[in-house]
Amino acid sequence: MSETEALLGDLRAEGDELDGLVAGLGGAEWRMATPAPGWTIAHQIAHLAWTDERAVQAAEDAQGFADEVRRAWAAPDAFVDEGAERGAAEPPEVLLGHWREGRERLLRTLAAQPPRARLPWYGPPMSVMSMATARIMETWAHGQDVADALGVHRAPTARLRHVARIGVRARGYAYAERGMEPPAEEFRVELTAPDGEVWAYGPEGAAQRVTGPALDFCLLVTQRAHRDDLAVRAEGPDADRWLDIAQAFAGPPGKGRGPGQRTEHLVDTEHVVDGDAGGGLASPAPQRGASADPAPQRGASARPAPQRGVPGHRPGGAS
């Protein structure tokens with residue numbers, strides 16, 4: 001199996017896992033609020049469906065996608081929310097069908113691309129593998145929003161390595177988004193995978209070090225949980241500062257969740273948002289002002305600048 005085939009297999013598995021959470025929901029449950037302000041479970045799935053469609057369009061219709069980018073830049077604070085709200089207005093069974101069809105089409109489209117193809121996006125072009133990795137990250141992050149809304153615990157999997165890798169590679173991007181100069185020296189990051197293996201990045205003898213569970217690191221860099229609620233630890237002042245600003249998604253930094261917010265939301269599983277959700281994208285505890293998906297931001301992917309969700313946006317630092 002090639003590296004691309006394995007990556008697309010992980011993308012399929014991530015989508016299937018989230019599908020398993022929403023497939024049996026009733027109409028009222030689709031309107032349950034998620035940690036992203038104004039976004040229901042329906043909005044989360046609609047955003048993923050919309051971003052998958054944009055990714056397919058980028059690969060198959062360059063001119064049409066260029067037109068989409070121009071429209072996005074004309075309304076950078078609204079286009080992600082608008083895409084999610086259109087999908088969320090559909091009957092749940094229709095929305096679920098659209099998302100499933102779009103996932104399959106995206107997998108076929110990416111598999112058919114030449115190995116060295118680069119696809120246009122809302123920022124620099126992306127390689128096929130970077131696009132697939134971004135879709136895994138966003139699916140996982142928005143899936144976490146859905147799981148939190150339902151009060152469901154998802155067992156972490158080895159697929160987190162894709163999210164972790166983007167989070168590590170996006171270190172310089174996190175500084176740049178805040179107008180800060182990134183430290184010149186390399187960091188060492190050691191994360192304990194779900195199976196106990198250690199995923200290591202950077203030189204072994206680096207003075208600036210980050211350690212902890214891979215799951216917690218992924219929750220941190222996608223802004224799905226506050227640092228105070230996680231077991232990620234830093235050694236060295238620069239590493240400590242990075243954990244306060246880390247983000248694995250493109251676009252302006254989101255506000256993220258406050259201490260204890262994730263736990264508090266898990267308790268409030270009965271809240272339902274009536275009608276259309278308010279505007280704004282957000283991702284992890286998202287806050288709207290950020291998009292690309294992760295804070296959790298509602299959206300995350302496609303947005304040129306903000307990030308609300310965890311990637312639709314192009315994850316910062318992805319190759």
# chains A, B, ... in the order shown; residues from 1 in each chain; ligands from 1
>>> residues_around(residues="segment 232-237 of chain A", least_positions_apart="6", cutoff="6 Å", atoms="only C-alpha atoms", output="list of chain:residue names")
A:Gln208, A:Arg209, A:Val210, A:Thr211, A:Gly212
>>> write_last_selection(atoms="C-alpha atoms", output="CSV table (one decimal), in the first residue's frame")
chain,number,residue,atom,x,y,z
A,208,GLN,CA,13.0,23.5,24.7
A,209,ARG,CA,10.8,20.4,25.1
A,210,VAL,CA,7.1,19.5,25.0
A,211,THR,CA,5.8,16.2,26.3
A,212,GLY,CA,2.4,14.6,27.0
>>> closest_residue(among="A:Ala155, A:Val80, A:Val221, A:Phe187", to="Gly205 of chain A", atoms="only C-alpha atoms")
A:Phe187
>>> closest_residue(among="A:Gln247, A:Leu95, A:Tyr122, A:Phe217", to="Glu68 of chain A", atoms="only C-alpha atoms")
A:Tyr122
>>> select_by_dssp(residues="segment 128-230 of chain A", states="alpha helix (DSSP H)", output="PyMOL selection string")
chain A and resi 128-150+160-169+171-177+214-221
>>> closest_residue(among="A:Thr4, A:Gly251, A:Asp244, A:Ala33", to="Arg116 of chain A", atoms="only C-alpha atoms")
A:Thr4
>>> select_by_dssp(residues="segment 155-205 of chain A", states="strand (DSSP E)", output="VMD selection string")
chain A and resid 188 to 192 198 to 201
>>> atom_distance(atom1="atom CA of Gly15 of chain A", atom2="atom CA of Trp99 of chain A")
9.5 Å
>>> atom_distance(atom1="atom CA of Arg54 of chain A", atom2="atom CA of His98 of chain A")
13.3 Å
>>> residues_around(residues="Leu11 of chain A", least_positions_apart="2", cutoff="9 Å", atoms="only C-alpha atoms", output="JSON, numbers by chain")
{"A": [6, 7, 8, 9, 13, 14, 15, 16, 107, 132, 133, 135, 136, 137, 139, 159]}
>>> residues_around(residues="Trp140 of chain A", least_positions_apart="6", cutoff="10 Å", atoms="only C-alpha atoms", output="PDB file with all heavy atoms, in the first residue's frame")
ATOM      1  N   LEU A  11      -8.304   8.838   6.265  1.00  0.00           N
ATOM      2  CA  LEU A  11      -9.349   9.835   6.061  1.00  0.00           C
ATOM      3  C   LEU A  11     -10.720   9.170   6.022  1.00  0.00           C
ATOM      4  O   LEU A  11     -11.684   9.655   6.617  1.00  0.00           O
ATOM      5  CB  LEU A  11      -9.091  10.607   4.760  1.00  0.00           C
ATOM      6  CG  LEU A  11     -10.160  11.632   4.350  1.00  0.00           C
ATOM      7  CD1 LEU A  11     -10.390  12.655   5.451  1.00  0.00           C
ATOM      8  CD2 LEU A  11      -9.747  12.323   3.042  1.00  0.00           C
ATOM      9  N   GLU A  14     -11.692   8.125   9.579  1.00  0.00           N
ATOM     10  CA  GLU A  14     -12.087   9.246  10.443  1.00  0.00           C
ATOM     11  C   GLU A  14     -13.510   9.680  10.137  1.00  0.00           C
ATOM     12  O   GLU A  14     -14.307   9.962  11.042  1.00  0.00           O
ATOM     13  CB  GLU A  14     -11.115  10.418  10.247  1.00  0.00           C
ATOM     14  CG  GLU A  14     -11.121  11.419  11.372  1.00  0.00           C
ATOM     15  CD  GLU A  14     -10.692  10.835  12.702  1.00  0.00           C
ATOM     16  OE1 GLU A  14      -9.653  10.168  12.776  1.00  0.00           O
ATOM     17  OE2 GLU A  14     -11.431  11.056  13.696  1.00  0.00           O
ATOM     18  N   GLY A  15     -13.848   9.731   8.858  1.00  0.00           N
ATOM     19  CA  GLY A  15     -15.210  10.083   8.483  1.00  0.00           C
ATOM     20  C   GLY A  15     -16.215   9.035   8.925  1.00  0.00           C
ATOM     21  O   GLY A  15     -17.309   9.361   9.391  1.00  0.00           O
ATOM     22  N   GLU A  17     -16.004   7.069  11.475  1.00  0.00           N
ATOM     23  CA  GLU A  17     -16.208   7.113  12.925  1.00  0.00           C
ATOM     24  C   GLU A  17     -17.200   8.208  13.299  1.00  0.00           C
ATOM     25  O   GLU A  17     -18.104   7.996  14.118  1.00  0.00           O
ATOM     26  CB  GLU A  17     -14.880   7.354  13.642  1.00  0.00           C
ATOM     27  CG  GLU A  17     -15.032   7.398  15.158  1.00  0.00           C
ATOM     28  CD  GLU A  17     -13.712   7.552  15.875  1.00  0.00           C
ATOM     29  OE1 GLU A  17     -12.880   6.630  15.783  1.00  0.00           O
ATOM     30  OE2 GLU A  17     -13.513   8.602  16.522  1.00  0.00           O
ATOM     31  N   LEU A  18     -17.048   9.383  12.695  1.00  0.00           N
ATOM     32  CA  LEU A  18     -17.988  10.461  12.969  1.00  0.00           C
ATOM     33  C   LEU A  18     -19.374  10.115  12.450  1.00  0.00           C
ATOM     34  O   LEU A  18     -20.393  10.402  13.094  1.00  0.00           O
ATOM     35  CB  LEU A  18     -17.486  11.762  12.339  1.00  0.00           C
ATOM     36  CG  LEU A  18     -18.398  12.985  12.474  1.00  0.00           C
ATOM     37  CD1 LEU A  18     -18.774  13.246  13.924  1.00  0.00           C
ATOM     38  CD2 LEU A  18     -17.722  14.208  11.850  1.00  0.00           C
ATOM     39  N   ALA A 134      -5.137  17.552   5.985  1.00  0.00           N
ATOM     40  CA  ALA A 134      -5.975  18.637   6.494  1.00  0.00           C
ATOM     41  C   ALA A 134      -7.412  18.169   6.702  1.00  0.00           C
ATOM     42  O   ALA A 134      -8.061  18.526   7.685  1.00  0.00           O
ATOM     43  CB  ALA A 134      -5.943  19.812   5.519  1.00  0.00           C
ATOM     44  N   VAL A 146     -18.802  17.422  17.975  1.00  0.00           N
ATOM     45  CA  VAL A 146     -20.030  16.627  17.988  1.00  0.00           C
ATOM     46  C   VAL A 146     -20.044  15.683  19.184  1.00  0.00           C
ATOM     47  O   VAL A 146     -21.059  15.553  19.886  1.00  0.00           O
ATOM     48  CB  VAL A 146     -20.174  15.833  16.667  1.00  0.00           C
ATOM     49  CG1 VAL A 146     -21.345  14.842  16.754  1.00  0.00           C
ATOM     50  CG2 VAL A 146     -20.370  16.786  15.489  1.00  0.00           C
ATOM     51  N   ARG A 159      -4.622   7.604  14.230  1.00  0.00           N
ATOM     52  CA  ARG A 159      -4.827   8.666  13.242  1.00  0.00           C
ATOM     53  C   ARG A 159      -4.479  10.043  13.803  1.00  0.00           C
ATOM     54  O   ARG A 159      -4.285  10.996  13.047  1.00  0.00           O
ATOM     55  CB  ARG A 159      -6.282   8.645  12.740  1.00  0.00           C
ATOM     56  CG  ARG A 159      -6.652   7.382  11.984  1.00  0.00           C
ATOM     57  CD  ARG A 159      -8.008   7.513  11.314  1.00  0.00           C
ATOM     58  NE  ARG A 159      -9.118   7.723  12.234  1.00  0.00           N
ATOM     59  CZ  ARG A 159      -9.788   6.760  12.854  1.00  0.00           C
ATOM     60  NH1 ARG A 159      -9.443   5.484  12.666  1.00  0.00           N
ATOM     61  NH2 ARG A 159     -10.808   7.035  13.659  1.00  0.00           N
ATOM     62  N   LEU A 160      -4.383  10.140  15.109  1.00  0.00           N
ATOM     63  CA  LEU A 160      -3.992  11.411  15.721  1.00  0.00           C
ATOM     64  C   LEU A 160      -2.605  11.862  15.263  1.00  0.00           C
ATOM     65  O   LEU A 160      -2.268  13.041  15.375  1.00  0.00           O
ATOM     66  CB  LEU A 160      -4.007  11.291  17.244  1.00  0.00           C
ATOM     67  CG  LEU A 160      -5.380  11.220  17.924  1.00  0.00           C
ATOM     68  CD1 LEU A 160      -5.202  11.008  19.419  1.00  0.00           C
ATOM     69  CD2 LEU A 160      -6.189  12.486  17.652  1.00  0.00           C
ATOM     70  N   VAL A 163      -2.798  14.787  12.967  1.00  0.00           N
ATOM     71  CA  VAL A 163      -3.114  16.052  13.628  1.00  0.00           C
ATOM     72  C   VAL A 163      -1.887  16.563  14.377  1.00  0.00           C
ATOM     73  O   VAL A 163      -1.540  17.745  14.311  1.00  0.00           O
ATOM     74  CB  VAL A 163      -4.295  15.877  14.597  1.00  0.00           C
ATOM     75  CG1 VAL A 163      -4.680  17.217  15.226  1.00  0.00           C
ATOM     76  CG2 VAL A 163      -5.503  15.254  13.884  1.00  0.00           C
ATOM     77  N   CYS A 218      -3.201  17.179  20.614  1.00  0.00           N
ATOM     78  CA  CYS A 218      -4.094  17.447  19.482  1.00  0.00           C
ATOM     79  C   CYS A 218      -5.269  18.321  19.893  1.00  0.00           C
ATOM     80  O   CYS A 218      -5.700  19.202  19.142  1.00  0.00           O
ATOM     81  CB  CYS A 218      -4.585  16.131  18.885  1.00  0.00           C
ATOM     82  SG  CYS A 218      -3.285  15.182  18.055  1.00  0.00           S
ATOM     83  N   LEU A 219      -5.803  18.096  21.085  1.00  0.00           N
ATOM     84  CA  LEU A 219      -6.878  18.951  21.586  1.00  0.00           C
ATOM     85  C   LEU A 219      -6.379  20.381  21.759  1.00  0.00           C
ATOM     86  O   LEU A 219      -7.110  21.349  21.510  1.00  0.00           O
ATOM     87  CB  LEU A 219      -7.399  18.419  22.921  1.00  0.00           C
ATOM     88  CG  LEU A 219      -8.213  17.125  22.863  1.00  0.00           C
ATOM     89  CD1 LEU A 219      -8.427  16.576  24.265  1.00  0.00           C
ATOM     90  CD2 LEU A 219      -9.565  17.346  22.171  1.00  0.00           C
ATOM     91  N   THR A 222      -5.684  22.172  18.191  1.00  0.00           N
ATOM     92  CA  THR A 222      -6.928  22.455  17.460  1.00  0.00           C
ATOM     93  C   THR A 222      -7.860  23.320  18.294  1.00  0.00           C
ATOM     94  O   THR A 222      -8.985  23.579  17.891  1.00  0.00           O
ATOM     95  CB  THR A 222      -7.667  21.159  17.072  1.00  0.00           C
ATOM     96  OG1 THR A 222      -7.946  20.389  18.244  1.00  0.00           O
ATOM     97  CG2 THR A 222      -6.838  20.328  16.095  1.00  0.00           C
ATOM     98  N   PRO A 294     -10.319  24.605  13.564  1.00  0.00           N
ATOM     99  CA  PRO A 294     -10.148  24.322  14.590  1.00  0.00           C
ATOM    100  C   PRO A 294     -10.600  25.206  15.300  1.00  0.00           C
ATOM    101  O   PRO A 294     -11.214  25.469  14.966  1.00  0.00           O
ATOM    102  CB  PRO A 294      -8.905  23.950  14.492  1.00  0.00           C
ATOM    103  CG  PRO A 294      -8.376  23.832  13.669  1.00  0.00           C
ATOM    104  CD  PRO A 294      -9.227  24.336  13.056  1.00  0.00           C
ATOM    105  N   VAL A 310     -11.565  24.040  12.138  1.00  0.00           N
ATOM    106  CA  VAL A 310     -10.368  23.510  12.076  1.00  0.00           C
ATOM    107  C   VAL A 310     -10.096  23.098  10.861  1.00  0.00           C
ATOM    108  O   VAL A 310     -10.292  22.281  10.687  1.00  0.00           O
ATOM    109  CB  VAL A 310     -10.312  22.376  12.644  1.00  0.00           C
ATOM    110  CG1 VAL A 310      -9.481  21.774  12.458  1.00  0.00           C
ATOM    111  CG2 VAL A 310     -10.142  22.176  13.576  1.00  0.00           C
TER     112      VAL A 310
END
>>> residues_around(residues="Gly97 of chain A", least_positions_apart="5", cutoff="12 Å", atoms="only C-alpha atoms", output="PyMOL selection string")
chain A and resi 19+22-23+45-46+49+87+90-92+102-104
